[in-house]
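> Provided below: my_file-v7.csv, containing CSV, C-alpha atoms and all ligand atoms.
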```
chain,number,residue,atom,x,y,z
A,922,MET,CA,-31.5,14.4,223.8
A,923,ARG,CA,-33.4,11.1,223.6
A,924,ALA,CA,-32.8,9.2,220.3
A,925,LEU,CA,-35.7,9.0,218.0
A,926,SER,CA,-35.9,5.2,217.9
A,927,LEU,CA,-39.0,3.0,217.6
A,928,PRO,CA,-40.4,1.7,220.9
A,929,ALA,CA,-40.8,-1.9,221.9
A,930,ARG,CA,-44.3,-3.2,222.5
A,931,GLY,CA,-45.6,-4.7,225.7
A,932,SER,CA,-48.2,-4.4,228.5
A,933,ALA,CA,-48.9,-1.0,230.1
A,934,THR,CA,-50.1,0.3,233.4
A,935,LEU,CA,-52.4,3.1,232.3
A,936,ARG,CA,-54.7,5.2,234.4
A,937,ARG,CA,-58.2,5.2,233.2
A,938,PHE,CA,-60.3,8.2,234.1
A,939,SER,CA,-63.9,8.3,235.2
A,940,THR,CA,-65.9,11.5,234.9
A,941,ARG,CA,-66.3,13.4,238.1
A,942,ALA,CA,-68.2,16.5,238.9
A,943,GLY,CA,-66.5,19.9,238.9
A,944,THR,CA,-65.2,21.0,242.3
A,945,GLY,CA,-66.8,24.4,242.5
A,946,SER,CA,-65.4,24.6,246.0
A,947,GLY,CA,-62.9,27.4,245.6
A,948,THR,CA,-60.3,25.4,247.3
A,949,ASP,CA,-56.8,25.0,245.7
A,950,THR,CA,-56.9,21.9,243.4
A,951,SER,CA,-53.6,22.6,241.7
A,952,VAL,CA,-51.2,19.7,241.5
A,953,PRO,CA,-48.3,20.3,243.9
A,954,GLY,CA,-45.2,21.7,242.0
A,955,ALA,CA,-47.0,21.7,238.6
A,956,MET,CA,-46.5,24.5,236.2
A,957,LEU,CA,-50.0,24.0,234.7
A,958,THR,CA,-53.0,22.3,236.3
A,959,ALA,CA,-56.4,21.9,234.7
A,960,ALA,CA,-58.8,20.6,237.3
A,961,SER,CA,-62.2,19.4,236.3
A,962,LEU,CA,-62.1,21.8,233.4
A,963,GLY,CA,-65.2,22.2,231.2
A,964,ALA,CA,-65.7,24.3,228.1
A,965,ARG,CA,-68.4,24.9,225.5
A,966,TYR,CA,-69.1,26.7,222.3
A,967,GLY,CA,-72.6,28.2,222.8
A,968,ALA,CA,-74.9,25.3,223.6
A,969,SER,CA,-72.4,22.7,222.5
A,970,ARG,CA,-70.3,21.3,225.3
A,971,VAL,CA,-66.8,20.3,224.2
A,972,LEU,CA,-64.7,19.6,227.3
A,973,TRP,CA,-65.9,17.6,230.3
A,974,ASN,CA,-64.1,17.6,233.7
A,975,VAL,CA,-60.6,17.6,232.2
A,976,ASP,CA,-57.8,16.9,234.7
A,977,LEU,CA,-54.3,17.4,233.3
A,978,HIS,CA,-51.1,18.8,234.7
A,979,VAL,CA,-47.6,19.6,233.4
A,980,GLN,CA,-44.6,19.7,235.7
A,981,PRO,CA,-41.8,22.2,235.1
A,982,GLY,CA,-39.3,20.8,232.5
A,983,GLU,CA,-41.7,18.2,231.1
A,984,ILE,CA,-42.9,17.5,227.6
A,985,VAL,CA,-46.5,16.3,228.0
A,986,THR,CA,-48.5,15.3,225.0
A,987,LEU,CA,-52.3,15.5,224.6
A,988,LEU,CA,-53.4,12.9,222.0
A,989,GLY,CA,-56.8,12.4,220.4
A,990,ALA,CA,-58.6,12.0,217.2
A,991,ASN,CA,-60.0,14.8,215.1
A,992,GLY,CA,-62.6,16.8,217.0
A,993,ALA,CA,-61.7,15.3,220.4
A,994,GLY,CA,-61.2,18.7,222.0
A,995,LYS,CA,-57.4,19.1,221.9
A,996,THR,CA,-57.3,22.6,220.3
A,997,THR,CA,-60.2,23.7,222.5
A,998,PHE,CA,-58.3,22.6,225.6
A,999,LEU,CA,-55.2,24.7,224.5
A,1000,HIS,CA,-57.4,27.7,223.7
A,1001,THR,CA,-59.1,27.4,227.1
A,1002,VAL,CA,-55.7,27.4,228.8
A,1003,MET,CA,-54.8,30.6,226.8
A,1004,GLY,CA,-58.2,32.2,227.7
A,1005,LEU,CA,-59.3,32.2,224.1
A,1006,VAL,CA,-62.3,29.9,224.9
A,1007,GLN,CA,-64.3,30.6,228.0
A,1008,MET,CA,-64.2,27.8,230.5
A,1009,THR,CA,-67.5,26.9,232.0
A,1010,SER,CA,-66.4,24.9,235.0
A,1011,GLY,CA,-63.4,23.8,237.0
A,1012,HIS,CA,-60.0,25.6,237.4
A,1013,ILE,CA,-56.9,26.4,235.5
A,1014,TYR,CA,-53.8,27.1,237.6
A,1015,TYR,CA,-50.4,28.4,236.4
A,1016,GLY,CA,-48.2,27.4,239.3
A,1017,GLU,CA,-50.5,27.9,242.2
A,1018,ARG,CA,-52.3,30.9,240.7
A,1019,ASP,CA,-55.8,30.4,239.4
A,1020,ILE,CA,-55.7,32.2,236.0
A,1021,ALA,CA,-59.3,31.6,235.0
A,1022,ARG,CA,-60.1,35.3,235.1
A,1023,GLN,CA,-56.9,36.5,233.3
A,1024,THR,CA,-57.0,37.8,229.8
A,1025,PRO,CA,-55.0,36.0,227.1
A,1026,GLU,CA,-52.6,38.9,227.1
A,1027,ALA,CA,-52.0,38.6,230.8
A,1028,ARG,CA,-51.3,34.8,230.4
A,1029,VAL,CA,-48.8,35.6,227.6
A,1030,THR,CA,-47.1,38.2,229.9
A,1031,GLY,CA,-47.1,35.6,232.7
A,1032,GLY,CA,-45.1,33.2,230.6
A,1033,ILE,CA,-47.6,31.0,228.5
A,1034,ALA,CA,-47.5,31.0,224.7
A,1035,LEU,CA,-49.4,29.2,222.0
A,1036,CYS,CA,-48.1,28.1,218.7
A,1037,PRO,CA,-51.4,27.5,216.9
A,1038,GLU,CA,-52.5,24.8,214.6
A,1039,GLY,CA,-52.0,25.6,211.0
A,1040,ARG,CA,-49.2,28.0,211.9
A,1041,ARG,CA,-51.3,31.2,211.4
A,1042,ILE,CA,-48.4,33.2,210.3
A,1043,PHE,CA,-49.1,36.5,208.4
A,1044,ALA,CA,-48.2,35.6,204.8
A,1045,ARG,CA,-48.0,39.2,203.6
A,1046,MET,CA,-45.7,40.3,206.3
A,1047,THR,CA,-42.0,39.6,206.5
A,1048,VAL,CA,-40.3,37.1,208.9
A,1049,GLU,CA,-39.1,40.0,211.1
A,1050,GLU,CA,-42.6,41.5,211.2
A,1051,ASN,CA,-44.1,38.2,212.2
A,1052,LEU,CA,-41.5,37.8,215.0
A,1053,ARG,CA,-42.1,41.4,216.2
A,1054,LEU,CA,-45.8,40.5,216.5
A,1055,GLY,CA,-44.9,37.5,218.7
A,1056,ALA,CA,-42.8,39.7,220.9
A,1057,GLY,CA,-45.8,41.9,221.8
A,1058,LEU,CA,-45.5,45.3,223.3
A,1059,LYS,CA,-43.7,44.1,226.4
A,1060,HIS,CA,-40.8,42.6,224.5
A,1061,GLN,CA,-40.2,45.2,221.7
A,1062,HIS,CA,-37.2,46.7,223.4
A,1063,THR,CA,-35.6,43.3,223.8
A,1064,TYR,CA,-36.4,42.3,220.2
A,1065,ASP,CA,-32.8,41.9,219.1
A,1066,GLU,CA,-32.0,39.7,222.2
A,1067,ASN,CA,-35.1,37.5,221.7
A,1068,ALA,CA,-34.7,37.3,218.0
A,1069,ALA,CA,-31.1,36.1,218.5
A,1070,TYR,CA,-32.4,33.4,220.8
A,1071,VAL,CA,-34.9,32.3,218.0
A,1072,PHE,CA,-32.2,32.4,215.3
A,1073,GLU,CA,-29.9,30.3,217.5
A,1074,LEU,CA,-32.6,27.6,217.5
A,1075,PHE,CA,-33.6,28.2,213.9
A,1076,PRO,CA,-30.5,29.4,212.0
A,1077,ALA,CA,-32.4,29.1,208.7
A,1078,LEU,CA,-34.7,31.9,209.7
A,1079,GLU,CA,-31.9,34.5,210.2
A,1080,GLY,CA,-31.2,35.0,206.5
A,1081,LEU,CA,-34.9,35.1,205.8
A,1082,GLN,CA,-35.8,38.1,207.9
A,1083,ASP,CA,-36.8,40.3,205.0
A,1084,LYS,CA,-38.6,37.6,203.1
A,1085,MET,CA,-42.4,37.5,203.0
A,1086,ALA,CA,-43.6,34.8,205.3
A,1087,GLY,CA,-46.0,33.4,202.7
A,1088,LEU,CA,-43.0,32.6,200.4
A,1089,LEU,CA,-41.4,30.3,203.0
A,1090,SER,CA,-41.5,26.6,202.7
A,1091,GLY,CA,-43.8,24.6,205.0
A,1092,GLY,CA,-41.0,23.7,207.3
A,1093,GLU,CA,-39.7,27.3,207.5
A,1094,GLN,CA,-43.2,28.5,208.2
A,1095,GLN,CA,-43.5,26.1,211.1
A,1096,MET,CA,-40.2,27.3,212.4
A,1097,LEU,CA,-41.4,30.8,212.1
A,1098,ALA,CA,-44.6,30.0,214.0
A,1099,VAL,CA,-42.7,28.4,216.8
A,1100,GLY,CA,-40.2,31.2,216.8
A,1101,ARG,CA,-42.9,33.8,217.0
A,1102,ALA,CA,-44.4,32.1,220.0
A,1103,LEU,CA,-40.9,32.1,221.6
A,1104,MET,CA,-40.5,35.8,221.1
A,1105,SER,CA,-42.5,36.4,224.4
A,1106,LYS,CA,-39.9,34.2,226.2
A,1107,PRO,CA,-42.5,31.7,227.5
A,1108,LYS,CA,-41.9,29.3,230.3
A,1109,LEU,CA,-44.7,27.1,229.1
A,1110,LEU,CA,-45.2,26.6,225.3
A,1111,LEU,CA,-48.4,25.1,224.0
A,1112,LEU,CA,-47.8,23.5,220.6
A,1113,ASP,CA,-50.8,22.6,218.5
A,1114,GLU,CA,-50.1,20.0,215.8
A,1115,PRO,CA,-46.6,21.3,214.8
A,1116,SER,CA,-46.0,18.4,212.4
A,1117,LEU,CA,-49.2,18.9,210.4
A,1118,GLY,CA,-48.7,18.8,206.7
A,1119,LEU,CA,-44.9,18.6,206.8
A,1120,ALA,CA,-42.7,16.1,205.1
A,1121,PRO,CA,-41.3,13.3,207.3
A,1122,LYS,CA,-37.8,14.7,207.3
A,1123,ILE,CA,-39.0,18.1,208.4
A,1124,VAL,CA,-41.2,16.5,211.0
A,1125,ARG,CA,-38.2,14.8,212.6
A,1126,LEU,CA,-36.4,18.2,212.6
A,1127,ILE,CA,-39.3,19.9,214.3
A,1128,PHE,CA,-39.5,17.2,217.0
A,1129,GLU,CA,-35.7,17.4,217.6
A,1130,LEU,CA,-36.2,21.2,218.0
A,1131,ILE,CA,-38.9,20.6,220.6
A,1132,GLN,CA,-36.5,18.4,222.5
A,1133,ARG,CA,-33.9,21.2,222.3
A,1134,LEU,CA,-36.4,23.7,223.6
A,1135,ARG,CA,-37.1,21.5,226.6
A,1136,GLU,CA,-33.3,21.2,227.3
A,1137,GLN,CA,-33.2,25.0,227.3
A,1138,GLY,CA,-35.8,25.1,230.1
A,1139,VAL,CA,-39.1,25.5,228.2
A,1140,THR,CA,-41.9,23.3,229.5
A,1141,ILE,CA,-44.0,21.9,226.7
A,1142,LEU,CA,-47.6,20.8,226.2
A,1143,LEU,CA,-47.8,19.2,222.8
A,1144,VAL,CA,-50.9,18.4,220.9
A,1145,GLU,CA,-50.3,15.9,218.2
A,1146,GLN,CA,-51.9,13.4,215.9
A,1147,ASN,CA,-48.5,11.9,215.1
A,1148,VAL,CA,-48.8,9.6,218.1
A,1149,ARG,CA,-45.6,7.6,217.6
A,1150,MET,CA,-43.4,10.7,217.3
A,1151,ALA,CA,-45.1,12.5,220.1
A,1152,LEU,CA,-44.6,9.6,222.5
A,1153,LEU,CA,-41.0,9.3,221.5
A,1154,ILE,CA,-40.1,12.8,222.9
A,1155,ALA,CA,-42.8,13.1,225.6
A,1156,ASP,CA,-42.4,12.3,229.3
A,1157,ARG,CA,-46.1,11.7,229.8
A,1158,GLY,CA,-49.3,11.8,227.8
A,1159,TYR,CA,-53.0,12.0,228.0
A,1160,VAL,CA,-55.6,10.6,225.6
A,1161,ILE,CA,-58.7,12.7,225.1
A,1162,ASN,CA,-61.8,11.3,223.5
A,1163,THR,CA,-64.9,13.4,222.8
A,1164,GLY,CA,-63.9,16.0,225.4
A,1165,ARG,CA,-63.0,13.6,228.2
A,1166,ILE,CA,-59.6,12.4,229.3
A,1167,GLU,CA,-59.8,8.7,229.0
A,1168,LEU,CA,-56.2,7.5,229.6
A,1169,SER,CA,-53.0,8.9,231.0
A,1170,GLY,CA,-49.6,7.5,231.7
A,1171,THR,CA,-45.9,7.8,231.0
A,1172,ALA,CA,-45.0,8.0,227.4
A,1173,ASP,CA,-43.5,4.5,227.7
A,1174,GLU,CA,-46.7,3.1,229.1
A,1175,LEU,CA,-48.8,4.7,226.4
A,1176,ARG,CA,-46.6,3.8,223.5
A,1177,GLU,CA,-46.4,0.1,224.6
A,1178,ASN,CA,-50.1,0.0,224.4
A,1179,THR,CA,-51.3,-0.5,220.9
A,1180,SER,CA,-54.9,0.0,222.0
A,1181,VAL,CA,-54.1,3.7,222.5
A,1182,GLU,CA,-53.9,4.1,218.8
A,1183,GLU,CA,-56.5,1.6,217.9
A,1184,ALA,CA,-59.2,2.3,220.4
A,1185,TYR,CA,-58.9,6.0,221.0
A,1186,LEU,CA,-57.2,7.5,218.1
A,1187,GLY,CA,-58.0,5.4,215.1
A,1188,LEU,CA,-55.0,6.9,213.4
A,1189,ALA,CA,-52.4,5.7,211.0
A,1190,VAL,CA,-49.1,5.6,212.7
A,1191,GLN,CA,-46.6,7.9,211.0
A,1192,THR,CA,-42.8,8.0,211.7
A,1201,LIG,P1,-58.6,18.6,215.3
A,1201,LIG,O1,-57.4,17.8,215.4
A,1201,LIG,O2,-59.4,18.2,214.2
A,1201,LIG,O3,-58.3,20.1,215.4
A,1201,LIG,P2,-59.3,18.8,218.1
A,1201,LIG,O4,-59.1,17.6,218.9
A,1201,LIG,O5,-58.3,19.9,218.2
A,1201,LIG,O6,-59.5,18.3,216.6
A,1201,LIG,P3,-61.3,20.8,218.6
A,1201,LIG,O7,-60.9,21.6,217.4
A,1201,LIG,O8,-61.0,21.2,219.9
A,1201,LIG,O9,-60.8,19.3,218.4
A,1201,LIG,O10,-62.9,20.6,218.4
A,1201,LIG,C1,-63.6,19.9,219.4
A,1201,LIG,C2,-65.1,20.0,219.0
A,1201,LIG,O11,-65.5,21.4,219.1
A,1201,LIG,C3,-65.4,19.5,217.6
A,1201,LIG,O12,-66.7,18.9,217.7
A,1201,LIG,C4,-65.5,20.8,216.8
A,1201,LIG,O13,-66.4,20.7,215.8
A,1201,LIG,C5,-66.1,21.8,217.9
A,1201,LIG,N1,-65.6,23.2,217.6
A,1201,LIG,C6,-64.4,23.6,217.5
A,1201,LIG,N2,-64.3,24.9,217.3
A,1201,LIG,C7,-65.6,25.3,217.4
A,1201,LIG,C8,-66.2,26.6,217.3
A,1201,LIG,N3,-65.5,27.8,217.1
A,1201,LIG,N4,-67.5,26.7,217.4
A,1201,LIG,C9,-68.3,25.6,217.6
A,1201,LIG,N5,-67.8,24.3,217.7
A,1201,LIG,C10,-66.4,24.2,217.6
```
Is it possible to express this structure as structure tokens?

Amino acid sequence: MRALSLPARGSATLRRFSTRAGTGSGTDTSVPGAMLTAASLGARYGASRVLWNVDLHVQPGEIVTLLGANGAGKTTFLHTVMGLVQMTSGHIYYGERDIARQTPEARVTGGIALCPEGRRIFARMTVEENLRLGAGLKHQHTYDENAAYVFELFPALEGLQDKMAGLLSGGEQQMLAVGRALMSKPKLLLLDEPSLGLAPKIVRLIFELIQRLREQGVTILLVEQNVRMALLIADRGYVINTGRIELSGTADELRENTSVEEAYLGLAVQT
């Protein structure tokens, strides 16, 4: 596990993106070997276009972070990958398979899971009931096995199984939200702002758990506004600005570049 230490500053070799038209060609534009490829991806809400020709990929075993200010399009991107927002152009590949026409349920069955922003746990249901919902129909018969896997990662949850989820602390609720996503045994986990609203100590715990998940073979796409912490655990990152990918690079390249925070994110740096 990489130690959570503050990075040194210096120059960076970052890739700057220019907008290009969607392929529309029907040819395979997946990145070789990638678990997830978004190629020239576009999405809109009604008449309002939100994503423009987004190119992003995640290799198996990576932690990739998608950074950006409020409203940049991060959540929309994750929802488009899950099939919750209709894409309007481009391609999404899971491995080499174009999953654009798959339902969200099929994507979950295929091995993609989303831990949504704001946790979205069911407050009036118990911890166990929330976990069972995450398991879905396909994994009910392996509930005990999958729950054991979650409790190994989050031992604090095991003794809370009968407790109403709404009575958990913020940190416990975040663990439950991640645990619920893990109940479908995903290969690719999409995490949307897991540190949001949590105390710094709990944030560190959550980030350490994300590193452990990767060590256990889960590939992770992490949306975060806590830039410093995200770049400490990520291998690579992308910066999205008003729906367009504007920069990408290794985490080292991005964190050595103060302009990432200043020019694109405009965020206070939290540790
Ligand atoms: P945040 O960190 O604030 O969640 P974000 O980068 O995740 O920001 P999105 O939530 O993807 O950004 O929002 C991108 C844009 O799409 C914003 O302008 C937002 O207002 C708009 N938007 C988001 N959801 C909807 C929706 N359901 N209908 C219409 N517009 C939406």
> How close does each residue of region 1093-1166 of chain A get to region 955-976 of chain A, giving the shortest atom pair and distance in Å to one decimal for every residue with an atom at most 10 Å away, counting only C-alpha atoms, sorted by chain and residue number, as JSON lines?

```
{"residue": "A:Lys1108", "atom": "CA", "partner": "A:Met956", "partner_atom": "CA", "distance": 8.9}
{"residue": "A:Leu1109", "atom": "CA", "partner": "A:Met956", "partner_atom": "CA", "distance": 7.8}
{"residue": "A:Thr1140", "atom": "CA", "partner": "A:Met956", "partner_atom": "CA", "distance": 8.2}
{"residue": "A:Leu1142", "atom": "CA", "partner": "A:Leu957", "partner_atom": "CA", "distance": 9.4}
{"residue": "A:Tyr1159", "atom": "CA", "partner": "A:Asp976", "partner_atom": "CA", "distance": 9.6}
{"residue": "A:Ile1161", "atom": "CA", "partner": "A:Val975", "partner_atom": "CA", "distance": 8.8}
{"residue": "A:Asn1162", "atom": "CA", "partner": "A:Leu972", "partner_atom": "CA", "distance": 9.6}
{"residue": "A:Thr1163", "atom": "CA", "partner": "A:Val971", "partner_atom": "CA", "distance": 7.3}
{"residue": "A:Gly1164", "atom": "CA", "partner": "A:Leu972", "partner_atom": "CA", "distance": 4.1}
{"residue": "A:Arg1165", "atom": "CA", "partner": "A:Trp973", "partner_atom": "CA", "distance": 5.4}
{"residue": "A:Ile1166", "atom": "CA", "partner": "A:Val975", "partner_atom": "CA", "distance": 6.0}
```
> In Å, how far is it from CA of Val1099 (chain A) to CA of Gln1137 (chain A)?
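Distance between the two atoms: 14.6 Å.
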> Identify which of the residues A:Pro953, A:Gly1100, A:Pro1107, A:Pro981 lies closest to Thr1030 (chain A), counting only C-alpha atoms when measuring atom-to-atom distances.
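Comparing A:Pro953, A:Gly1100, A:Pro1107, A:Pro981 against Thr1030 (chain A), the winner is A:Pro1107.
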> Let me have all residues with an atom within 6 Å of ligand LIG 1201 (chain A), counting all atoms listed in the file, laid out as a PyMOL selection string.
chain A and resi 966+971+989-997
> Could you write those residues out with C-alpha atoms, as a compact mmCIF listing (two decimals), keeping the file's coordinate frame?

```txt
# COMPACT_ATOMS: atom_id res chain seq x y z
CA TYR A 966 -69.10 26.70 222.30
CA VAL A 971 -66.80 20.30 224.20
CA GLY A 989 -56.80 12.40 220.40
CA ALA A 990 -58.60 12.00 217.20
CA ASN A 991 -60.00 14.80 215.10
CA GLY A 992 -62.60 16.80 217.00
CA ALA A 993 -61.70 15.30 220.40
CA GLY A 994 -61.20 18.70 222.00
CA LYS A 995 -57.40 19.10 221.90
CA THR A 996 -57.30 22.60 220.30
CA THR A 997 -60.20 23.70 222.50
```
> In file coordinates, which residues lie within 7 Å of (-37.7, 36.6, 211.3) using all atoms listed in the file, given as a list in words?
Val1048, Glu1049, Glu1050, Asn1051, Leu1052, Leu1078, Glu1079, Leu1081, Gln1082 and Leu1097 of chain A
> Would you please work out which residue, of A:Gly1011, A:Phe1075, A:Phe998, A:Lys1106, is nearest to Ile1131 (chain A) when using all atoms listed in the file?
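Looking only at the distances to Ile1131 (chain A), the closest residue turns out to be A:Phe1075.
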> Between A:Gln1095, A:Thr1001, A:Ser1169, A:Asn1178, which is the closest to Val985 (chain A) once you count only C-alpha atoms?
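Once distances to Val985 (chain A) are computed over only C-alpha atoms, the minimum belongs to A:Ser1169.
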> Using all atoms listed in the file, determine which residues lie at most 8 Å from region 1015-1025 of chain A, disregarding the query and same-chain residues fewer than 3 positions distant; provide the list as a PyMOL selection string.
chain A and resi 949+951+954-958+1003-1005+1008+1012+1028-1029
> I'd like to know which of A:Gly1080, A:Gly1032, A:Gly1039, A:Gly1055 is closest to Gly1092 (chain A), using only C-alpha atoms.
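Using only C-alpha atoms, the shortest distance to Gly1092 (chain A) belongs to A:Gly1039.
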> Please compute the CA of Val1071 (chain A)-CA of Arg1053 (chain A) distance, one decimal, in Å.
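Separation between CA of Val1071 (chain A) and CA of Arg1053 (chain A): 11.7 Å.
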> At a cut-off of 7 Å, using only C-alpha atoms, what residues contact Ala1102 (chain A)? Leave out same-chain residues fewer than 3 positions from it and give the result as a CSV table (one decimal) with C-alpha atoms, keeping the file's coordinate frame.

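As a result, around.csv now contains:
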```
chain,number,residue,atom,x,y,z
A,1034,ALA,CA,-47.5,31.0,224.7
A,1035,LEU,CA,-49.4,29.2,222.0
A,1036,CYS,CA,-48.1,28.1,218.7
A,1055,GLY,CA,-44.9,37.5,218.7
A,1098,ALA,CA,-44.6,30.0,214.0
A,1099,VAL,CA,-42.7,28.4,216.8
A,1105,SER,CA,-42.5,36.4,224.4
```
> List the spatial neighbours of Leu1130 (chain A) as a PyMOL selection string - criterion: any atom at most 10 Å away, all atoms listed in the file, same-chain residues fewer than 4 positions off excluded.
chain A and resi 1074-1075+1096+1099+1124-1126+1134-1136
> Pick from A:Asn1067, A:Thr1047, A:Val979, A:Gln1146: nearest to Tyr1014 (chain A), with all atoms listed in the file counted?
A:Val979
